[in-house]
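S.K.: What follows is work.csv, CSV, C-alpha atoms.
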chain,number,residue,atom,x,y,z
A,1,MET,CA,112.2,149.4,141.0
A,2,HIS,CA,111.5,147.5,137.8
A,3,PRO,CA,108.4,145.3,137.2
A,4,ILE,CA,109.1,141.6,137.0
A,5,TYR,CA,107.6,140.1,133.9
A,6,ASP,CA,106.8,136.4,133.6
A,7,ILE,CA,108.2,136.5,130.1
A,8,VAL,CA,110.5,138.8,128.2
A,9,GLY,CA,110.7,138.0,124.6
A,10,ILE,CA,113.8,139.1,122.6
A,11,GLY,CA,112.8,139.6,119.0
A,12,PHE,CA,109.3,140.0,117.5
A,13,GLY,CA,109.1,138.2,114.3
A,14,PRO,CA,106.3,135.7,113.4
A,15,SER,CA,107.5,133.2,116.2
A,16,ASN,CA,107.2,135.6,119.1
A,17,LEU,CA,104.2,137.2,117.5
A,18,ALA,CA,102.5,133.8,117.7
A,19,LEU,CA,103.5,133.5,121.3
A,20,ALA,CA,102.1,137.0,122.1
A,21,ILE,CA,98.8,135.9,120.6
A,22,ALA,CA,98.8,132.7,122.6
A,23,LEU,CA,99.4,134.7,125.7
A,24,THR,CA,96.6,137.1,124.9
A,25,GLU,CA,94.1,134.3,124.3
A,26,HIS,CA,95.3,132.7,127.6
A,27,ASN,CA,94.9,135.9,129.6
A,28,GLU,CA,91.4,136.5,128.2
A,29,GLN,CA,90.2,133.4,130.0
A,30,ALA,CA,92.7,132.9,132.9
A,31,GLU,CA,92.1,134.1,136.4
A,32,THR,CA,95.9,134.8,136.7
A,33,PRO,CA,97.3,136.6,133.7
A,34,VAL,CA,100.8,135.9,132.4
A,35,THR,CA,102.7,139.2,132.1
A,36,ALA,CA,105.0,139.7,129.1
A,37,VAL,CA,106.9,142.2,127.1
A,38,PHE,CA,108.6,141.7,123.7
A,39,LEU,CA,111.6,143.7,122.7
A,40,GLU,CA,112.1,144.4,119.0
A,41,ARG,CA,114.9,146.6,117.5
A,42,GLN,CA,112.9,147.5,114.4
A,43,GLN,CA,110.6,150.5,114.6
A,44,ALA,CA,107.6,148.5,113.4
A,45,PHE,CA,106.8,144.9,112.6
A,46,GLY,CA,108.6,143.6,109.6
A,47,TRP,CA,109.3,140.2,108.1
A,48,HIS,CA,111.7,139.8,105.2
A,49,ARG,CA,110.5,143.1,103.7
A,50,GLY,CA,113.4,143.1,101.2
A,51,MET,CA,112.0,139.9,99.6
A,52,LEU,CA,108.3,140.9,99.3
A,53,LEU,CA,108.1,140.7,95.5
A,54,ASP,CA,104.6,141.6,94.4
A,55,ASP,CA,104.0,138.3,92.5
A,56,ALA,CA,105.8,135.9,95.0
A,57,THR,CA,103.6,133.4,96.8
A,58,MET,CA,104.0,131.7,100.1
A,59,GLN,CA,105.4,128.2,100.1
A,60,VAL,CA,103.2,127.2,103.1
A,61,SER,CA,99.5,126.8,103.4
A,62,PHE,CA,97.5,129.7,104.8
A,63,LEU,CA,96.2,127.2,107.4
A,64,LYS,CA,99.6,127.2,108.9
A,65,ASP,CA,99.2,130.8,110.1
A,66,LEU,CA,99.9,132.2,113.5
A,67,VAL,CA,97.1,130.3,115.3
A,68,THR,CA,95.0,127.8,113.4
A,69,MET,CA,97.1,124.6,114.1
A,70,ARG,CA,96.9,125.5,117.8
A,71,ASN,CA,93.4,127.0,118.0
A,72,PRO,CA,91.2,126.8,114.9
A,73,ALA,CA,88.6,129.1,116.5
A,74,SER,CA,91.1,132.0,117.1
A,75,ARG,CA,90.1,135.5,116.1
A,76,PHE,CA,93.7,136.0,115.0
A,77,SER,CA,93.5,133.5,112.0
A,78,PHE,CA,94.2,134.4,108.4
A,79,LEU,CA,90.6,133.8,107.6
A,80,CYS,CA,89.5,136.4,110.2
A,81,TYR,CA,92.1,138.7,108.6
A,82,LEU,CA,90.5,138.2,105.2
A,83,ARG,CA,87.0,138.8,106.6
A,84,ASP,CA,88.3,142.0,108.2
A,85,ARG,CA,89.9,143.1,104.9
A,86,GLY,CA,86.7,142.3,102.9
A,87,ARG,CA,88.4,139.6,100.8
A,88,LEU,CA,87.2,136.3,102.3
A,89,ILE,CA,84.9,135.4,99.4
A,90,ASP,CA,87.4,136.5,96.8
A,91,PHE,CA,90.1,134.3,98.4
A,92,VAL,CA,87.8,131.3,98.6
A,93,ASN,CA,86.9,131.7,94.9
A,94,HIS,CA,90.6,131.9,94.2
A,95,LYS,CA,90.9,128.2,95.1
A,96,ASN,CA,94.5,128.6,96.3
A,97,LEU,CA,96.1,127.4,99.6
A,98,PHE,CA,99.1,129.8,99.1
A,99,PRO,CA,98.5,133.5,99.5
A,100,LEU,CA,100.8,136.2,98.0
A,101,ARG,CA,103.7,136.9,100.3
A,102,VAL,CA,102.8,140.6,100.5
A,103,GLU,CA,99.4,139.5,101.6
A,104,PHE,CA,100.7,137.2,104.3
A,105,HIS,CA,103.0,140.0,105.6
A,106,ASP,CA,99.9,142.3,105.8
A,107,TYR,CA,98.2,139.6,107.8
A,108,PHE,CA,101.2,139.5,110.2
A,109,GLU,CA,101.0,143.3,110.6
A,110,TRP,CA,97.3,143.1,111.2
A,111,ALA,CA,97.8,140.5,113.9
A,112,ALA,CA,100.7,142.4,115.4
A,113,ALA,CA,98.7,145.6,115.7
A,114,GLN,CA,96.2,143.8,118.0
A,115,VAL,CA,98.9,142.8,120.5
A,116,ASP,CA,101.1,145.9,120.3
A,117,ASP,CA,100.4,146.6,124.0
A,118,VAL,CA,103.0,143.9,124.9
A,119,VAL,CA,105.6,145.0,122.3
A,120,SER,CA,108.4,147.6,122.7
A,121,TYR,CA,109.5,148.5,119.2
A,122,GLY,CA,112.8,150.3,118.6
A,123,THR,CA,114.2,148.5,121.6
A,124,GLU,CA,117.4,146.5,121.0
A,125,ALA,CA,118.4,144.0,123.7
A,126,VAL,CA,122.2,144.0,124.1
A,127,GLY,CA,122.8,142.0,127.3
A,128,VAL,CA,121.2,139.4,129.5
A,129,GLU,CA,122.3,138.0,132.8
A,130,ALA,CA,120.9,136.0,135.8
A,131,ILE,CA,120.6,138.2,138.9
A,132,GLN,CA,119.0,135.4,140.8
A,133,ASP,CA,118.5,131.7,140.2
A,134,ASP,CA,115.0,132.4,138.9
A,135,LEU,CA,115.3,136.0,137.7
A,136,PHE,CA,116.9,137.5,134.6
A,137,GLU,CA,117.9,141.0,133.7
A,138,VAL,CA,117.8,142.3,130.1
A,139,THR,CA,119.6,145.5,129.2
A,140,THR,CA,118.8,147.5,126.1
A,141,ALA,CA,121.0,149.7,123.9
A,142,THR,CA,119.5,152.8,125.6
A,143,GLY,CA,120.3,151.5,129.1
A,144,ASP,CA,116.8,150.4,130.0
A,145,VAL,CA,116.4,147.4,132.1
A,146,TYR,CA,113.8,144.6,132.1
A,147,HIS,CA,113.4,141.8,134.7
A,148,ALA,CA,111.9,138.4,133.8
A,149,ARG,CA,111.3,135.0,135.2
A,150,ASN,CA,111.6,133.5,131.7
A,151,LEU,CA,113.3,134.6,128.5
A,152,VAL,CA,112.2,133.6,125.0
A,153,PHE,CA,114.7,134.2,122.2
A,154,ALA,CA,113.4,134.6,118.7
A,155,THR,CA,116.3,136.2,117.0
A,156,GLY,CA,115.5,135.0,113.5
A,157,LEU,CA,118.0,134.2,110.8
A,158,ARG,CA,121.4,135.6,109.7
A,159,PRO,CA,122.1,136.2,106.0
A,160,THR,CA,124.7,133.8,104.7
A,161,VAL,CA,127.6,135.3,102.6
A,162,PRO,CA,130.0,133.0,100.7
A,163,GLU,CA,133.5,132.8,102.1
A,164,GLY,CA,135.8,135.5,100.6
A,165,ILE,CA,132.9,137.7,99.5
A,166,THR,CA,132.2,141.1,101.0
A,167,LEU,CA,128.9,143.0,100.8
A,168,SER,CA,129.2,146.4,99.1
A,169,ASP,CA,127.4,148.9,96.9
A,170,ARG,CA,127.6,146.3,94.1
A,171,VAL,CA,127.3,143.2,96.1
A,172,TRP,CA,124.0,142.7,98.0
A,173,HIS,CA,122.4,139.9,99.9
A,174,ASN,CA,118.9,139.0,98.8
A,175,SER,CA,117.5,140.1,102.1
A,176,GLU,CA,118.0,143.8,101.1
A,177,PHE,CA,117.0,143.3,97.4
A,178,LEU,CA,113.8,145.4,97.3
A,179,HIS,CA,115.2,148.0,99.6
A,180,ARG,CA,118.0,148.7,97.1
A,181,VAL,CA,116.8,147.7,93.7
A,182,GLY,CA,115.8,151.3,93.0
A,183,GLU,CA,119.5,152.1,92.9
A,184,LEU,CA,119.8,150.2,89.6
A,185,THR,CA,119.4,152.3,86.5
A,186,ASP,CA,119.1,150.3,83.3
A,187,PRO,CA,121.9,147.9,84.3
A,188,GLU,CA,123.8,146.1,81.5
A,189,ARG,CA,124.2,142.8,83.5
A,190,CYS,CA,123.2,141.4,86.8
A,191,VAL,CA,124.6,138.2,88.4
A,192,VAL,CA,122.4,136.2,90.8
A,193,VAL,CA,124.1,133.5,92.9
A,194,GLY,CA,122.0,130.7,94.4
A,195,ALA,CA,119.7,127.8,93.4
A,196,GLY,CA,116.7,128.2,95.8
A,197,GLN,CA,113.3,129.9,95.5
A,198,SER,CA,114.6,133.4,96.4
A,199,ALA,CA,117.3,133.2,93.7
A,200,ALA,CA,114.9,132.0,91.0
A,201,GLU,CA,112.4,134.8,92.0
A,202,ALA,CA,115.1,137.4,91.8
A,203,VAL,CA,116.2,136.1,88.4
A,204,ALA,CA,112.7,136.3,87.1
A,205,TYR,CA,112.1,139.8,88.6
A,206,LEU,CA,115.3,141.3,87.2
A,207,HIS,CA,114.7,139.8,83.8
A,208,ARG,CA,111.1,141.2,83.7
A,209,GLU,CA,111.8,144.6,85.2
A,210,PHE,CA,114.9,145.4,83.2
A,211,PRO,CA,114.1,144.3,79.6
A,212,ARG,CA,117.6,145.3,78.2
A,213,THR,CA,119.6,143.6,81.0
A,214,GLU,CA,121.4,140.3,80.8
A,215,VAL,CA,120.7,138.2,83.9
A,216,CYS,CA,123.2,135.5,84.8
A,217,SER,CA,122.1,132.8,87.2
A,218,VAL,CA,125.1,131.1,89.0
A,219,PHE,CA,124.5,127.8,90.8
A,220,SER,CA,126.5,124.7,91.5
A,221,ARG,CA,123.8,122.3,90.2
A,222,TYR,CA,122.9,121.3,86.7
A,223,GLY,CA,119.6,123.1,87.0
A,224,TYR,CA,117.0,124.3,89.5
A,225,SER,CA,115.6,121.4,91.6
A,226,PRO,CA,111.9,121.3,92.3
A,227,ALA,CA,110.6,121.5,95.8
A,228,ASP,CA,109.0,118.3,97.0
A,229,ASP,CA,105.6,119.4,98.3
A,230,SER,CA,103.9,116.1,97.9
A,231,SER,CA,101.5,115.1,100.6
A,232,PHE,CA,103.5,112.3,102.2
A,233,ALA,CA,106.8,114.3,102.2
A,234,ASN,CA,104.9,117.3,103.8
A,235,ARG,CA,104.4,115.2,106.9
A,236,ILE,CA,107.9,116.2,107.9
A,237,PHE,CA,106.4,119.6,108.8
A,238,ASP,CA,103.7,118.0,111.0
A,239,PRO,CA,103.7,118.8,114.8
A,240,GLU,CA,103.9,115.0,115.3
A,241,ALA,CA,107.1,114.9,113.2
A,242,VAL,CA,108.8,117.1,115.9
A,243,ASP,CA,108.2,114.4,118.5
A,244,HIS,CA,109.6,111.7,116.1
A,245,TYR,CA,112.7,113.8,115.3
A,246,PHE,CA,113.3,114.8,118.9
A,247,ASP,CA,113.2,111.2,120.1
A,248,ALA,CA,115.3,109.8,117.3
A,249,PRO,CA,119.0,108.8,117.6
A,250,ASP,CA,121.4,111.2,116.0
A,251,ALA,CA,122.1,108.9,113.1
A,252,VAL,CA,118.4,108.8,112.3
A,253,LYS,CA,118.1,112.6,112.7
A,254,ARG,CA,120.9,113.1,110.1
A,255,ARG,CA,119.2,110.7,107.7
A,256,LEU,CA,115.8,112.4,108.1
A,257,MET,CA,117.4,115.8,107.2
A,258,GLU,CA,119.2,114.3,104.2
A,259,TYR,CA,116.0,112.6,103.0
A,260,HIS,CA,113.8,115.7,103.3
A,261,ARG,CA,116.1,118.6,102.5
A,262,ASN,CA,114.4,118.9,99.2
A,263,THR,CA,111.2,120.0,100.9
A,264,ASN,CA,112.8,123.3,101.8
A,265,TYR,CA,116.5,123.9,101.1
A,266,SER,CA,117.8,125.1,97.7
A,267,VAL,CA,114.6,124.1,95.8
A,268,VAL,CA,112.2,126.0,93.6
A,269,ASP,CA,108.5,125.8,92.9
A,270,VAL,CA,108.0,123.7,89.8
A,271,ASP,CA,105.9,126.4,88.1
A,272,LEU,CA,108.6,129.0,88.4
A,273,ILE,CA,111.2,126.5,87.0
A,274,ALA,CA,108.9,125.9,84.0
A,275,GLN,CA,108.5,129.7,83.5
A,276,LEU,CA,112.3,130.3,83.5
A,277,TYR,CA,112.9,127.3,81.2
A,278,ARG,CA,110.3,128.6,78.7
A,279,THR,CA,112.1,132.0,78.8
A,280,THR,CA,115.5,130.5,78.1
A,281,TYR,CA,114.1,128.4,75.2
A,282,ARG,CA,112.2,131.3,73.7
A,283,GLU,CA,115.2,133.5,73.8
A,284,LYS,CA,117.3,130.8,72.2
A,285,VAL,CA,114.8,130.5,69.4
A,286,LEU,CA,114.7,134.3,68.9
A,287,GLY,CA,118.5,134.7,69.2
A,288,THR,CA,118.2,137.2,71.9
A,289,GLU,CA,119.5,135.4,75.0
A,290,ARG,CA,119.3,137.7,78.0
A,291,LEU,CA,118.8,134.9,80.6
A,292,ARG,CA,122.0,133.0,81.0
A,293,MET,CA,122.1,129.9,83.2
A,294,MET,CA,125.7,129.3,84.4
A,295,LYS,CA,125.2,125.8,85.7
A,296,MET,CA,127.8,123.7,87.6
A,297,THR,CA,129.6,126.9,88.7
A,298,ARG,CA,130.4,128.9,91.8
A,299,LEU,CA,131.3,132.4,92.7
A,300,VAL,CA,134.8,132.6,94.0
A,301,ALA,CA,135.5,136.3,94.1
A,302,VAL,CA,134.2,139.8,93.3
A,303,GLU,CA,136.5,142.5,92.3
A,304,GLU,CA,135.3,146.1,92.4
A,305,THR,CA,135.8,148.1,89.3
A,306,GLN,CA,135.4,151.8,88.4
A,307,ASP,CA,132.0,151.2,86.7
A,308,GLY,CA,130.7,148.2,88.7
A,309,ALA,CA,132.1,144.8,89.7
A,310,ARG,CA,133.8,141.8,88.1
A,311,ALA,CA,132.5,138.5,89.3
A,312,VAL,CA,134.9,135.5,89.1
A,313,ILE,CA,132.9,132.4,88.2
A,314,GLN,CA,134.6,129.0,88.4
A,315,SER,CA,133.5,125.9,86.6
A,316,LEU,CA,133.1,123.0,89.0
A,317,VAL,CA,133.8,120.6,86.1
A,318,THR,CA,137.0,122.1,84.6
A,319,GLY,CA,138.1,124.5,87.3
A,320,GLU,CA,138.4,127.2,84.7
A,321,GLN,CA,137.5,130.7,85.7
A,322,GLU,CA,135.3,133.2,83.8
A,323,PHE,CA,135.4,137.0,84.5
A,324,VAL,CA,131.9,138.6,84.3
A,325,ASP,CA,131.6,142.3,84.4
A,326,THR,CA,128.4,143.2,86.1
A,327,ASP,CA,126.4,146.1,87.7
A,328,LEU,CA,125.2,143.9,90.5
A,329,VAL,CA,126.1,140.6,92.3
A,330,LEU,CA,123.0,139.5,94.2
A,331,LEU,CA,123.7,136.8,96.8
A,332,ALA,CA,120.6,134.7,97.2
A,333,THR,CA,122.6,132.3,99.3
A,334,GLY,CA,120.2,131.7,102.2
A,335,TYR,CA,120.4,132.1,105.9
A,336,ASP,CA,121.9,130.5,109.0
A,337,GLU,CA,120.0,130.2,112.2
A,338,ALA,CA,121.1,133.1,114.5
A,339,MET,CA,122.4,132.0,117.9
A,340,PRO,CA,120.7,133.5,120.9
A,341,MET,CA,122.6,136.3,122.7
A,342,LEU,CA,123.2,134.4,126.0
A,343,GLY,CA,126.1,136.3,127.3
A,344,SER,CA,127.1,135.1,130.8
A,345,LEU,CA,124.1,132.7,130.7
A,346,ASP,CA,126.0,130.5,128.2
A,347,GLU,CA,128.2,129.0,130.8
A,348,MET,CA,125.1,127.9,132.8
A,349,CYS,CA,123.6,126.1,129.8
A,350,ALA,CA,124.4,122.5,128.9
A,351,ARG,CA,125.9,121.5,125.5
A,352,ASP,CA,126.1,118.2,123.8
A,353,GLU,CA,129.3,116.5,122.4
A,354,ALA,CA,129.1,118.5,119.2
A,355,GLY,CA,129.0,121.8,121.2
A,356,ARG,CA,125.3,122.4,120.5
A,357,LEU,CA,122.9,123.8,123.2
A,358,VAL,CA,120.8,121.0,124.8
A,359,VAL,CA,117.2,121.9,124.3
A,360,GLY,CA,114.2,120.1,125.9
A,361,ARG,CA,111.2,119.0,123.9
A,362,ASP,CA,109.4,122.2,125.3
A,363,TYR,CA,112.1,124.4,123.7
A,364,ARG,CA,113.5,125.1,127.1
A,365,LEU,CA,117.3,125.1,127.4
A,366,GLN,CA,118.8,122.7,129.9
A,367,SER,CA,120.6,124.8,132.4
A,368,SER,CA,121.6,125.1,136.1
A,369,LEU,CA,119.0,127.9,136.6
A,370,LYS,CA,115.4,127.7,137.8
A,371,GLY,CA,114.4,130.4,135.4
A,372,GLY,CA,113.4,129.3,131.9
A,373,ILE,CA,115.4,130.1,128.8
A,374,TYR,CA,113.4,129.2,125.6
A,375,LEU,CA,114.4,129.2,122.0
A,376,GLN,CA,112.2,129.9,119.0
A,377,GLY,CA,114.7,129.0,116.3
A,378,GLY,CA,118.2,127.6,116.5
A,379,THR,CA,116.8,124.1,117.3
A,380,GLU,CA,117.1,122.3,114.0
A,381,HIS,CA,119.6,119.9,115.5
A,382,SER,CA,117.1,118.9,118.2
A,383,HIS,CA,113.6,119.5,116.8
A,384,GLY,CA,114.0,119.2,113.0
A,385,ILE,CA,113.4,121.1,109.8
A,386,THR,CA,110.6,123.3,111.1
A,387,SER,CA,112.9,125.1,113.5
A,388,SER,CA,113.2,128.2,111.3
A,389,LEU,CA,110.0,127.8,109.3
A,390,LEU,CA,106.5,129.1,109.7
A,391,SER,CA,104.9,125.6,109.6
A,392,ASN,CA,105.0,125.0,113.4
A,393,VAL,CA,104.9,128.5,114.9
A,394,ALA,CA,101.4,128.2,116.2
A,395,VAL,CA,101.8,124.9,117.9
A,396,ARG,CA,105.3,125.8,119.2
A,397,SER,CA,104.0,129.0,120.9
A,398,GLY,CA,101.4,126.9,122.7
A,399,GLU,CA,103.9,124.4,123.9
A,400,ILE,CA,106.2,127.2,125.2
A,401,LEU,CA,103.4,128.9,127.0
A,402,ALA,CA,102.3,125.5,128.5
A,403,SER,CA,105.9,125.0,129.7
A,404,VAL,CA,106.1,128.4,131.3
A,405,LEU,CA,102.8,127.8,133.1
A,406,THR,CA,104.1,124.5,134.3
A,407,HIS,CA,107.5,125.7,135.6
A,408,THR,CA,106.4,129.0,137.0
A,409,PRO,CA,104.4,128.6,140.3
A,410,VAL,CA,100.9,130.0,140.3
A,411,PRO,CA,101.5,132.1,143.4
A,412,VAL,CA,104.4,133.7,141.7
A,413,LEU,CA,102.4,134.4,138.6
A,414,ALA,CA,99.7,136.0,140.8
A,415,THR,CA,102.1,138.6,142.1
A,416,ALA,CA,103.6,139.5,138.7
As structure tokens, how would this structure be written, given the file I've shared?

M.R.:
Amino acid sequence: MHPIYDIVGIGFGPSNLALAIALTEHNEQAETPVTAVFLERQQAFGWHRGMLLDDATMQVSFLKDLVTMRNPASRFSFLCYLRDRGRLIDFVNHKNLFPLRVEFHDYFEWAAAQVDDVVSYGTEAVGVEAIQDDLFEVTTATGDVYHARNLVFATGLRPTVPEGITLSDRVWHNSEFLHRVGELTDPERCVVVGAGQSAAEAVAYLHREFPRTEVCSVFSRYGYSPADDSSFANRIFDPEAVDHYFDAPDAVKRRLMEYHRNTNYSVVDVDLIAQLYRTTYREKVLGTERLRMMKMTRLVAVEETQDGARAVIQSLVTGEQEFVDTDLVLLATGYDEAMPMLGSLDEMCARDEAGRLVVGRDYRLQSSLKGGIYLQGGTEHSHGITSSLLSNVAVRSGEILASVLTHTPVPVLATA
């Protein structure tokens, strides 16, 4: 006999962490608790650990933490974390909305530790199926079985690797950068591919930490583009914007994404752009150019050599190729939204004309089942740009919980 949970969450990053907190706060006041367990394949909570550079800051306000936009009085807020760590006054005096990324990760770990009773770490879900119209079975890699009335997928992002390029000892994706940078010993040259914030941060880090190394930045643009974080543009991340996007015709959805891509995709903080430009100009003046901007180019191949790798860089203007011998090719080429592991459930879920899953405003998949299947991520086509971002995790978790409570009869919850 297996217990039947009201919710089994697959994945435990910030999105399902926010949901676990929303459940905890609900159960502290509710007569009938909602039962849940979250399955996470990592041995402990971790969020982009390979990119936690010690000087990198968040690109989202601390007020868009795990709870504040849903419940400003929550004991799980970033401000409560600061008070607990003894840094509240110091942070206020700092006069900054954007914490260090390592600090925000510590906040996530602090919050996760308070709800670890509903998390099973080191548990990888490998299969899901419907054993009844309103009951799911989740199987793990070790053969354990979990039963649930609702599933919530938060499977995160998948690193994007350019076509024709293979990861290796000399070719890394930026997601593993800090995990492996210790393998570099006084490299002669490093090539960083990409034009976004992570690429620019990696370029600055390699240039600073290896003072004799040439760092080549490869990107298809003429230069780094600044992120649009102006007040009006930032409204695209508002909870209300999700309503507007969801209700808009497909043609309007496409235009909104085109208009506002520069709030998030392949853009860099203006201060970091200025820092890198100052560096290139100073080196040009001194005649010691270690920072090389290879603009209007793309990486087309990487050939392994005896001592390293040879990157094949093609000019987008002339088509000519340049061969660059390097110790490392770092792919800061972003991520794709990972699709949920639906297995046999896929055939029971509706898809639109483009083959995309049909998702309700409450993030519940449209399916032939009575049980609920919810997505945290993978909904950019239906809910807009915040699908994979932190901006809306607090509000979204509340909306998913409200939907579960609406669709799951109270008498059933009472016997969970």

S.K.: Extract, using all atoms listed in the file, all DNA, RNA and protein residues at most 7 Å from segment 153-162 of chain A, discarding same-chain residues fewer than 5 positions from it, and format them as a PyMOL selection string.

M.R.: chain A and resi 9-12+15-16+333-338+340+374-377

S.K.: For a quick check of understanding, using all atoms listed in the file, which of A:Glu380, A:Glu176, A:Glu303, A:Glu214 has the smallest distance to Glu289 of chain A?

M.R.: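 The closest residue to Glu289 of chain A is A:Glu214.
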
S.K.: Quote the spacing between atom CA of Asp134 of chain A and atom CA of Leu23 of chain A in Å to one decimal place.

M.R.: 20.6 Å

S.K.: Would you work out the distance separating atom CA of His207 of chain A from atom CA of Ala227 of chain A, expressed in Å to one decimal?

M.R.: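 About the pair atom CA of His207 of chain A and atom CA of Ala227 of chain A: they are 22.3 Å apart.
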
S.K.: Restricting the calculation to all atoms listed in the file, which member of A:Ile373, A:Cys80, A:Ala148, A:Arg212 is positioned closest to Thr68 of chain A?

M.R.: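 Checking each candidate against Thr68 of chain A, we get A:Cys80 as the closest.
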